[in-house]
file my_file_2.cif (mmCIF, N, CA and C atoms)
data_run
#
loop_
_atom_site.label_atom_id
_atom_site.label_comp_id
_atom_site.auth_asym_id
_atom_site.auth_seq_id
_atom_site.Cartn_x
_atom_site.Cartn_y
_atom_site.Cartn_z
N MET N 218 99.92 110.25 45.10
CA MET N 218 100.94 109.33 45.58
C MET N 218 101.48 109.76 46.95
N SER N 219 101.78 111.05 47.11
CA SER N 219 102.30 111.51 48.38
C SER N 219 101.23 111.45 49.47
N GLU N 220 99.94 111.52 49.07
CA GLU N 220 98.86 111.38 50.04
C GLU N 220 98.84 109.97 50.61
N GLN N 221 99.09 108.95 49.77
CA GLN N 221 99.16 107.57 50.26
C GLN N 221 100.36 107.41 51.19
N THR N 222 101.49 108.00 50.80
CA THR N 222 102.67 107.92 51.65
C THR N 222 102.41 108.58 52.99
N SER N 223 101.77 109.72 52.96
CA SER N 223 101.44 110.43 54.18
C SER N 223 100.51 109.60 55.06
N THR N 224 99.52 108.98 54.44
CA THR N 224 98.60 108.11 55.19
C THR N 224 99.34 106.91 55.76
N ALA N 225 100.22 106.31 54.97
CA ALA N 225 101.00 105.16 55.44
C ALA N 225 101.90 105.57 56.60
N ALA N 226 102.49 106.75 56.51
CA ALA N 226 103.36 107.23 57.59
C ALA N 226 102.55 107.46 58.87
N LYS N 227 101.35 108.00 58.73
CA LYS N 227 100.50 108.22 59.90
C LYS N 227 100.08 106.91 60.54
N VAL N 228 99.69 105.95 59.71
CA VAL N 228 99.31 104.63 60.23
C VAL N 228 100.50 103.97 60.90
N GLY N 229 101.68 104.05 60.27
CA GLY N 229 102.89 103.48 60.87
C GLY N 229 103.20 104.10 62.21
N ASN N 230 103.05 105.42 62.30
CA ASN N 230 103.31 106.11 63.55
C ASN N 230 102.33 105.66 64.64
N ILE N 231 101.06 105.50 64.28
CA ILE N 231 100.06 105.04 65.24
C ILE N 231 100.39 103.63 65.72
N VAL N 232 100.76 102.76 64.79
CA VAL N 232 101.11 101.37 65.16
C VAL N 232 102.32 101.36 66.10
N VAL N 233 103.32 102.16 65.80
CA VAL N 233 104.52 102.20 66.66
C VAL N 233 104.18 102.76 68.03
N TRP N 234 103.30 103.76 68.10
CA TRP N 234 102.89 104.27 69.41
C TRP N 234 102.16 103.21 70.22
N ILE N 235 101.33 102.42 69.56
CA ILE N 235 100.65 101.32 70.25
C ILE N 235 101.68 100.32 70.79
N LEU N 236 102.67 99.98 69.95
CA LEU N 236 103.74 99.07 70.39
C LEU N 236 104.49 99.66 71.57
N GLN N 237 104.75 100.96 71.53
CA GLN N 237 105.47 101.61 72.63
C GLN N 237 104.66 101.58 73.92
N ILE N 238 103.38 101.86 73.82
CA ILE N 238 102.53 101.87 75.02
C ILE N 238 102.45 100.48 75.64
N VAL N 239 102.24 99.47 74.81
CA VAL N 239 102.15 98.10 75.32
C VAL N 239 103.48 97.68 75.95
N LEU N 240 104.59 98.02 75.29
CA LEU N 240 105.90 97.67 75.83
C LEU N 240 106.17 98.43 77.13
N ALA N 241 105.74 99.68 77.20
CA ALA N 241 105.91 100.47 78.43
C ALA N 241 105.15 99.84 79.59
N VAL N 242 103.92 99.45 79.35
CA VAL N 242 103.13 98.79 80.41
C VAL N 242 103.84 97.52 80.87
N GLN N 243 104.31 96.73 79.90
CA GLN N 243 104.99 95.48 80.23
C GLN N 243 106.22 95.73 81.11
N PHE N 244 106.98 96.78 80.78
CA PHE N 244 108.21 97.02 81.54
C PHE N 244 107.96 97.71 82.87
N VAL N 245 106.88 98.43 83.01
CA VAL N 245 106.52 98.93 84.34
C VAL N 245 106.19 97.74 85.23
N LEU N 246 105.44 96.77 84.68
CA LEU N 246 105.11 95.55 85.45
C LEU N 246 106.36 94.73 85.75
N ASN N 247 107.21 94.53 84.73
CA ASN N 247 108.45 93.75 84.93
C ASN N 247 109.36 94.43 85.94
N GLY N 248 109.56 95.74 85.76
CA GLY N 248 110.43 96.46 86.68
C GLY N 248 109.90 96.46 88.10
N SER N 249 108.60 96.61 88.25
CA SER N 249 107.98 96.58 89.59
C SER N 249 108.15 95.22 90.24
N ALA N 250 108.06 94.16 89.45
CA ALA N 250 108.22 92.80 89.99
C ALA N 250 109.61 92.60 90.57
N LEU N 251 110.59 93.32 90.05
CA LEU N 251 111.95 93.18 90.57
C LEU N 251 112.10 93.72 91.99
N PHE N 252 111.13 94.49 92.46
CA PHE N 252 111.17 95.00 93.83
C PHE N 252 110.48 94.06 94.81
N THR N 253 109.99 92.93 94.33
CA THR N 253 109.38 91.92 95.19
C THR N 253 110.41 90.81 95.46
N ASP N 254 110.03 89.88 96.30
CA ASP N 254 110.94 88.76 96.63
C ASP N 254 110.99 87.70 95.54
N GLN N 255 110.19 87.85 94.52
CA GLN N 255 110.08 86.86 93.45
C GLN N 255 111.42 86.60 92.74
N PHE N 256 112.29 87.62 92.66
CA PHE N 256 113.53 87.49 91.89
C PHE N 256 114.79 87.45 92.74
N VAL N 257 114.64 87.33 94.05
CA VAL N 257 115.81 87.32 94.94
C VAL N 257 116.74 86.16 94.60
N ALA N 258 116.19 84.96 94.46
CA ALA N 258 117.02 83.78 94.18
C ALA N 258 117.73 83.90 92.84
N LYS N 259 117.03 84.42 91.83
CA LYS N 259 117.64 84.56 90.51
C LYS N 259 118.83 85.52 90.57
N PHE N 260 118.68 86.64 91.26
CA PHE N 260 119.77 87.60 91.34
C PHE N 260 120.88 87.11 92.25
N ASP N 261 120.57 86.25 93.23
CA ASP N 261 121.62 85.59 94.00
C ASP N 261 122.42 84.68 93.08
N ASP N 262 121.72 83.98 92.20
CA ASP N 262 122.35 83.07 91.24
C ASP N 262 123.25 83.83 90.27
N ILE N 263 122.83 85.03 89.87
CA ILE N 263 123.64 85.84 88.95
C ILE N 263 124.94 86.24 89.62
N GLY N 264 124.88 86.58 90.91
CA GLY N 264 126.09 86.84 91.66
C GLY N 264 126.51 88.29 91.78
N PHE N 265 125.70 89.23 91.31
CA PHE N 265 126.06 90.65 91.43
C PHE N 265 125.50 91.29 92.69
N GLY N 266 124.68 90.60 93.42
CA GLY N 266 124.07 91.14 94.63
C GLY N 266 122.68 91.68 94.36
N GLN N 267 121.97 91.93 95.45
CA GLN N 267 120.59 92.39 95.32
C GLN N 267 120.48 93.84 94.86
N TRP N 268 121.54 94.62 95.03
CA TRP N 268 121.52 95.99 94.52
C TRP N 268 121.26 96.00 93.01
N PHE N 269 121.77 94.98 92.33
CA PHE N 269 121.61 94.90 90.88
C PHE N 269 120.15 94.65 90.48
N ARG N 270 119.43 93.95 91.33
CA ARG N 270 118.00 93.72 91.09
C ARG N 270 117.24 95.04 91.15
N TYR N 271 117.53 95.83 92.17
CA TYR N 271 116.89 97.14 92.29
C TYR N 271 117.30 98.08 91.15
N PHE N 272 118.58 98.06 90.82
CA PHE N 272 119.10 98.89 89.74
C PHE N 272 118.41 98.55 88.42
N THR N 273 118.27 97.25 88.14
CA THR N 273 117.61 96.80 86.92
C THR N 273 116.14 97.23 86.92
N GLY N 274 115.47 97.12 88.06
CA GLY N 274 114.08 97.55 88.16
C GLY N 274 113.92 99.03 87.86
N VAL N 275 114.82 99.84 88.41
CA VAL N 275 114.77 101.29 88.16
C VAL N 275 115.02 101.57 86.68
N LEU N 276 116.00 100.89 86.09
CA LEU N 276 116.28 101.08 84.66
C LEU N 276 115.07 100.71 83.80
N GLU N 277 114.45 99.58 84.10
CA GLU N 277 113.30 99.13 83.31
C GLU N 277 112.13 100.10 83.43
N ILE N 278 111.83 100.54 84.64
CA ILE N 278 110.71 101.47 84.83
C ILE N 278 111.03 102.82 84.19
N GLY N 279 112.26 103.29 84.35
CA GLY N 279 112.66 104.56 83.75
C GLY N 279 112.58 104.53 82.23
N ALA N 280 113.06 103.45 81.63
CA ALA N 280 112.99 103.32 80.17
C ALA N 280 111.54 103.18 79.71
N ALA N 281 110.71 102.50 80.50
CA ALA N 281 109.29 102.37 80.16
C ALA N 281 108.62 103.73 80.13
N ILE N 282 108.91 104.56 81.11
CA ILE N 282 108.36 105.91 81.13
C ILE N 282 108.89 106.70 79.93
N GLY N 283 110.17 106.52 79.62
CA GLY N 283 110.76 107.18 78.46
C GLY N 283 110.08 106.83 77.15
N LEU N 284 109.56 105.60 77.04
CA LEU N 284 108.84 105.19 75.83
C LEU N 284 107.60 106.04 75.59
N LEU N 285 107.08 106.67 76.63
CA LEU N 285 105.85 107.45 76.53
C LEU N 285 106.13 108.94 76.32
N ILE N 286 107.39 109.33 76.30
CA ILE N 286 107.77 110.73 76.11
C ILE N 286 108.28 110.90 74.68
N PRO N 287 107.55 111.64 73.85
CA PRO N 287 107.90 111.73 72.43
C PRO N 287 109.36 112.12 72.14
N ARG N 288 109.93 113.01 72.89
CA ARG N 288 111.28 113.48 72.60
C ARG N 288 112.36 112.41 72.84
N VAL N 289 112.10 111.47 73.76
CA VAL N 289 113.14 110.48 74.12
C VAL N 289 112.71 109.03 73.89
N CYS N 290 111.54 108.81 73.29
CA CYS N 290 111.04 107.43 73.18
C CYS N 290 111.96 106.53 72.35
N GLY N 291 112.62 107.06 71.34
CA GLY N 291 113.55 106.25 70.55
C GLY N 291 114.75 105.82 71.37
N PHE N 292 115.31 106.76 72.12
CA PHE N 292 116.44 106.45 72.97
C PHE N 292 116.05 105.46 74.06
N ALA N 293 114.84 105.63 74.62
CA ALA N 293 114.35 104.70 75.64
C ALA N 293 114.22 103.29 75.07
N ALA N 294 113.74 103.19 73.83
CA ALA N 294 113.62 101.87 73.19
C ALA N 294 115.00 101.25 73.01
N LEU N 295 115.97 102.06 72.63
CA LEU N 295 117.34 101.58 72.47
C LEU N 295 117.90 101.10 73.81
N ALA N 296 117.60 101.85 74.87
CA ALA N 296 118.04 101.45 76.22
C ALA N 296 117.41 100.12 76.63
N LEU N 297 116.11 99.97 76.36
CA LEU N 297 115.44 98.70 76.70
C LEU N 297 116.02 97.54 75.90
N ALA N 298 116.37 97.79 74.66
CA ALA N 298 116.99 96.73 73.85
C ALA N 298 118.31 96.29 74.49
N GLY N 299 119.08 97.26 74.97
CA GLY N 299 120.33 96.93 75.65
C GLY N 299 120.12 96.17 76.94
N ILE N 300 119.14 96.60 77.72
CA ILE N 300 118.82 95.91 78.98
C ILE N 300 118.40 94.47 78.69
N MET N 301 117.58 94.28 77.67
CA MET N 301 117.11 92.94 77.34
C MET N 301 118.21 92.09 76.71
N GLY N 302 119.11 92.72 75.98
CA GLY N 302 120.28 91.98 75.48
C GLY N 302 121.11 91.45 76.63
N GLY N 303 121.30 92.30 77.64
CA GLY N 303 122.02 91.86 78.84
C GLY N 303 121.28 90.77 79.58
N ALA N 304 119.94 90.88 79.64
CA ALA N 304 119.14 89.85 80.31
C ALA N 304 119.24 88.52 79.57
N ALA N 305 119.22 88.57 78.24
CA ALA N 305 119.32 87.34 77.45
C ALA N 305 120.69 86.68 77.67
N LEU N 306 121.74 87.48 77.64
CA LEU N 306 123.08 86.93 77.87
C LEU N 306 123.21 86.36 79.29
N THR N 307 122.61 87.04 80.25
CA THR N 307 122.62 86.55 81.63
C THR N 307 121.93 85.21 81.73
N GLU N 308 120.76 85.09 81.10
CA GLU N 308 120.03 83.82 81.12
C GLU N 308 120.84 82.71 80.43
N LEU N 309 121.53 83.05 79.38
CA LEU N 309 122.31 82.05 78.64
C LEU N 309 123.55 81.59 79.39
N PHE N 310 124.22 82.51 80.09
CA PHE N 310 125.54 82.17 80.62
C PHE N 310 125.69 82.23 82.13
N LEU N 311 124.83 82.92 82.86
CA LEU N 311 125.06 83.08 84.30
C LEU N 311 124.03 82.40 85.19
N VAL N 312 122.82 82.23 84.71
CA VAL N 312 121.76 81.66 85.54
C VAL N 312 121.82 80.15 85.45
N THR N 313 121.78 79.49 86.61
CA THR N 313 121.90 78.04 86.67
C THR N 313 120.82 77.33 85.86
N ASN N 314 119.58 77.73 86.02
CA ASN N 314 118.48 77.10 85.28
C ASN N 314 118.09 77.92 84.05
N GLY N 315 119.05 78.63 83.49
CA GLY N 315 118.80 79.48 82.33
C GLY N 315 118.81 78.67 81.04
N GLY N 316 119.47 79.18 80.06
CA GLY N 316 119.54 78.53 78.76
C GLY N 316 118.69 79.26 77.74
N PHE N 317 118.61 78.69 76.54
CA PHE N 317 117.91 79.38 75.46
C PHE N 317 116.44 79.59 75.75
N LYS N 318 115.80 78.60 76.36
CA LYS N 318 114.37 78.74 76.67
C LYS N 318 114.13 79.92 77.60
N ALA N 319 114.97 80.08 78.61
CA ALA N 319 114.83 81.20 79.55
C ALA N 319 115.19 82.53 78.89
N ALA N 320 116.02 82.50 77.85
CA ALA N 320 116.44 83.73 77.18
C ALA N 320 115.47 84.16 76.09
N THR N 321 114.48 83.34 75.79
CA THR N 321 113.56 83.63 74.69
C THR N 321 112.79 84.94 74.90
N MET N 322 112.19 85.14 76.06
CA MET N 322 111.41 86.36 76.29
C MET N 322 112.28 87.61 76.25
N PRO N 323 113.44 87.62 76.91
CA PRO N 323 114.28 88.81 76.76
C PRO N 323 114.66 89.08 75.30
N ILE N 324 114.88 88.04 74.52
CA ILE N 324 115.21 88.23 73.10
C ILE N 324 114.01 88.82 72.35
N VAL N 325 112.81 88.34 72.64
CA VAL N 325 111.60 88.88 72.00
C VAL N 325 111.44 90.35 72.36
N PHE N 326 111.60 90.70 73.63
CA PHE N 326 111.48 92.09 74.06
C PHE N 326 112.59 92.95 73.44
N MET N 327 113.79 92.39 73.30
CA MET N 327 114.89 93.12 72.69
C MET N 327 114.56 93.45 71.23
N ILE N 328 114.05 92.47 70.50
CA ILE N 328 113.69 92.70 69.10
C ILE N 328 112.57 93.72 69.00
N TRP N 329 111.57 93.60 69.86
CA TRP N 329 110.45 94.54 69.90
C TRP N 329 110.97 95.97 70.10
N ALA N 330 111.86 96.14 71.08
CA ALA N 330 112.42 97.47 71.36
C ALA N 330 113.28 97.96 70.20
N LEU N 331 114.01 97.05 69.55
CA LEU N 331 114.82 97.45 68.40
C LEU N 331 113.97 97.90 67.23
N VAL N 332 112.82 97.27 67.02
CA VAL N 332 111.90 97.70 65.96
C VAL N 332 111.47 99.14 66.22
N ILE N 333 111.14 99.44 67.46
CA ILE N 333 110.75 100.81 67.82
C ILE N 333 111.93 101.76 67.61
N ALA N 334 113.11 101.37 68.07
CA ALA N 334 114.29 102.23 67.94
C ALA N 334 114.62 102.51 66.48
N VAL N 335 114.50 101.51 65.63
CA VAL N 335 114.76 101.72 64.21
C VAL N 335 113.74 102.68 63.62
N TYR N 336 112.48 102.52 63.99
CA TYR N 336 111.44 103.42 63.48
C TYR N 336 111.67 104.84 63.98
N ARG N 337 112.20 104.99 65.18
CA ARG N 337 112.45 106.31 65.78
C ARG N 337 113.91 106.75 65.62
N ARG N 338 114.63 106.18 64.67
CA ARG N 338 116.07 106.45 64.52
C ARG N 338 116.39 107.92 64.28
N GLU N 339 115.57 108.64 63.53
CA GLU N 339 115.83 110.07 63.30
C GLU N 339 115.76 110.84 64.60
N GLN N 340 114.85 110.44 65.45
CA GLN N 340 114.72 111.07 66.75
C GLN N 340 115.96 110.81 67.61
N ILE N 341 116.46 109.58 67.57
CA ILE N 341 117.66 109.22 68.33
C ILE N 341 118.85 110.03 67.82
N LEU N 342 119.01 110.08 66.52
CA LEU N 342 120.12 110.85 65.94
C LEU N 342 119.98 112.33 66.26
N GLY N 343 118.76 112.83 66.31
CA GLY N 343 118.51 114.23 66.66
C GLY N 343 118.98 114.55 68.06
N LEU N 344 118.86 113.61 68.98
CA LEU N 344 119.33 113.84 70.35
C LEU N 344 120.85 114.03 70.39
N PHE N 345 121.56 113.30 69.52
CA PHE N 345 123.01 113.39 69.49
C PHE N 345 123.50 114.60 68.72
N ARG N 346 122.68 115.14 67.83
CA ARG N 346 123.07 116.31 67.06
C ARG N 346 123.02 117.59 67.89
N LYS N 347 122.18 117.61 68.91
CA LYS N 347 122.00 118.84 69.69
C LYS N 347 123.12 119.10 70.65
#
call {"tool": "encode", "arguments": {"input": "my_file_2.cif", "output": "structure tokens"}}
result
Amino acid sequence: MSEQTSTAAKVGNIVVWILQIVLAVQFVLNGSALFTDQFVAKFDDIGFGQWFRYFTGVLEIGAAIGLLIPRVCGFAALALAGIMGGAALTELFLVTNGGFKAATMPIVFMIWALVIAVYRREQILGLFRK
């Protein structure tokens, strides 16, 4: 019985690592895109200034790298969930052409990151215990 549990835990860990790697690649691409002119108008619409676009890009790339580091990947997933929660709220309430349709992808990414954070919860709690 414990051999099956051990096998299930190993398979679960492999699946979560695959999810982390795919999410990390996605956020390196997303964060890098924020350094192009593609999002200038959107961040003008948000009203915080272009510094916030760069800041968000750095946060996304940093958290993406964190997803690949075993000691901090849970915390990085939690950070990405927060970033995407903020992005969803921004799309819902601050962006002129936003709304629920525009908030869908940030919500999907937020849930994805939360799944990883929940799976890595012991690791996150371990960071706070030290």
call {"tool": "resolve_selection", "arguments": {"input": "my_file_2.cif", "expression": "the PyMOL selection byres (((chain N and resi 240-252 and name CA) around 10) and name CA)", "output": "MDAnalysis selection string"}}
result
chainID N and resid 234:239 253:257 260 267 269:285 293:294 297 326 329:330 333
call {"tool": "residues_around", "arguments": {"input": "my_file_2.cif", "residues": "Asp262 in chain N", "least_positions_apart": "5", "cutoff": "8 Å", "atoms": "only C-alpha atoms", "output": "ChimeraX atom specification"}}
result
/N:311-313
call {"tool": "atom_distance", "arguments": {"input": "my_file_2.cif", "atom1": "atom C of Arg346 in chain N", "atom2": "CA of Leu295 in chain N"}}
result
17.6 Å
call {"tool": "axis_aligned_box", "arguments": {"input": "my_file_2.cif", "around": "range 287-304 of chain N", "padding_each_side": "6 Å", "output": "JSON"}}
result
{"center_x": 114.8, "center_y": 101.0, "center_z": 75.4, "size_x": 26.5, "size_y": 37.0, "size_z": 21.8}
call {"tool": "closest_residue", "arguments": {"input": "my_file_2.cif", "among": "N:Val289, N:Leu331, N:Val228, N:Ala304", "to": "Ala319 in chain N", "atoms": "only C-alpha atoms"}}
result
N:Ala304
call {"tool": "atom_distance", "arguments": {"input": "my_file_2.cif", "atom1": "CA of Gly302 in chain N", "atom2": "CA of Ile324 in chain N"}}
result
6.7 Å
call {"tool": "closest_residue", "arguments": {"input": "my_file_2.cif", "among": "N:Ile300, N:Gly291, N:Pro323, N:Phe310", "to": "Leu342 in chain N", "atoms": "only N, CA and C atoms"}}
result
N:Gly291
call {"tool": "atom_distance", "arguments": {"input": "my_file_2.cif", "atom1": "CA of Phe345 in chain N", "atom2": "atom N of Phe292 in chain N"}}
result
10.5 Å
call {"tool": "select_by_dssp", "arguments": {"input": "my_file_2.cif", "residues": "chain N", "states": "helix (DSSP H, G or I)", "output": "PyMOL selection string"}}
result
chain N and resi 219-250+254-263+267-283+290-310+317-336+338-346
call {"tool": "decode", "arguments": {"input": "my_file_2.cif", "residues": "range 270-310 of chain N", "atoms": "C-alpha atoms", "output": "PDB file, in the first residue's frame"}}
result
ATOM      1  CA  ARG N 270       4.808  47.952 -16.846  1.00  0.00           C
ATOM      2  CA  TYR N 271       8.525  47.399 -16.296  1.00  0.00           C
ATOM      3  CA  PHE N 272       7.983  46.535 -12.628  1.00  0.00           C
ATOM      4  CA  THR N 273       5.342  43.947 -13.567  1.00  0.00           C
ATOM      5  CA  GLY N 274       7.658  42.460 -16.208  1.00  0.00           C
ATOM      6  CA  VAL N 275      10.468  42.100 -13.677  1.00  0.00           C
ATOM      7  CA  LEU N 276       8.093  40.500 -11.155  1.00  0.00           C
ATOM      8  CA  GLU N 277       6.756  38.031 -13.720  1.00  0.00           C
ATOM      9  CA  ILE N 278      10.216  37.011 -14.964  1.00  0.00           C
ATOM     10  CA  GLY N 279      11.570  36.780 -11.406  1.00  0.00           C
ATOM     11  CA  ALA N 280       8.681  34.600 -10.248  1.00  0.00           C
ATOM     12  CA  ALA N 281       9.042  32.450 -13.384  1.00  0.00           C
ATOM     13  CA  ILE N 282      12.687  31.820 -12.539  1.00  0.00           C
ATOM     14  CA  GLY N 283      11.639  31.089  -8.953  1.00  0.00           C
ATOM     15  CA  LEU N 284       9.305  28.349 -10.221  1.00  0.00           C
ATOM     16  CA  LEU N 285      12.409  26.481 -11.410  1.00  0.00           C
ATOM     17  CA  ILE N 286      14.266  26.682  -8.079  1.00  0.00           C
ATOM     18  CA  PRO N 287      13.193  23.822  -5.788  1.00  0.00           C
ATOM     19  CA  ARG N 288      13.656  25.720  -2.516  1.00  0.00           C
ATOM     20  CA  VAL N 289      11.409  28.666  -3.522  1.00  0.00           C
ATOM     21  CA  CYS N 290       9.118  27.298  -6.250  1.00  0.00           C
ATOM     22  CA  GLY N 291       6.072  27.191  -3.945  1.00  0.00           C
ATOM     23  CA  PHE N 292       6.553  30.787  -2.870  1.00  0.00           C
ATOM     24  CA  ALA N 293       7.115  31.815  -6.505  1.00  0.00           C
ATOM     25  CA  ALA N 294       3.825  30.140  -7.463  1.00  0.00           C
ATOM     26  CA  LEU N 295       2.078  32.032  -4.672  1.00  0.00           C
ATOM     27  CA  ALA N 296       3.630  35.288  -5.924  1.00  0.00           C
ATOM     28  CA  LEU N 297       2.446  34.583  -9.484  1.00  0.00           C
ATOM     29  CA  ALA N 298      -1.051  33.874  -8.184  1.00  0.00           C
ATOM     30  CA  GLY N 299      -1.018  37.288  -6.517  1.00  0.00           C
ATOM     31  CA  ILE N 300       0.281  39.013  -9.637  1.00  0.00           C
ATOM     32  CA  MET N 301      -2.414  37.351 -11.736  1.00  0.00           C
ATOM     33  CA  GLY N 302      -5.093  38.191  -9.184  1.00  0.00           C
ATOM     34  CA  GLY N 303      -4.052  41.817  -9.526  1.00  0.00           C
ATOM     35  CA  ALA N 304      -4.058  41.510 -13.316  1.00  0.00           C
ATOM     36  CA  ALA N 305      -7.574  40.048 -13.278  1.00  0.00           C
ATOM     37  CA  LEU N 306      -8.857  42.834 -11.034  1.00  0.00           C
ATOM     38  CA  THR N 307      -7.143  45.408 -13.243  1.00  0.00           C
ATOM     39  CA  GLU N 308      -8.808  43.970 -16.342  1.00  0.00           C
ATOM     40  CA  LEU N 309     -12.181  43.960 -14.589  1.00  0.00           C
ATOM     41  CA  PHE N 310     -12.098  47.453 -13.122  1.00  0.00           C
TER      42      PHE N 310
END
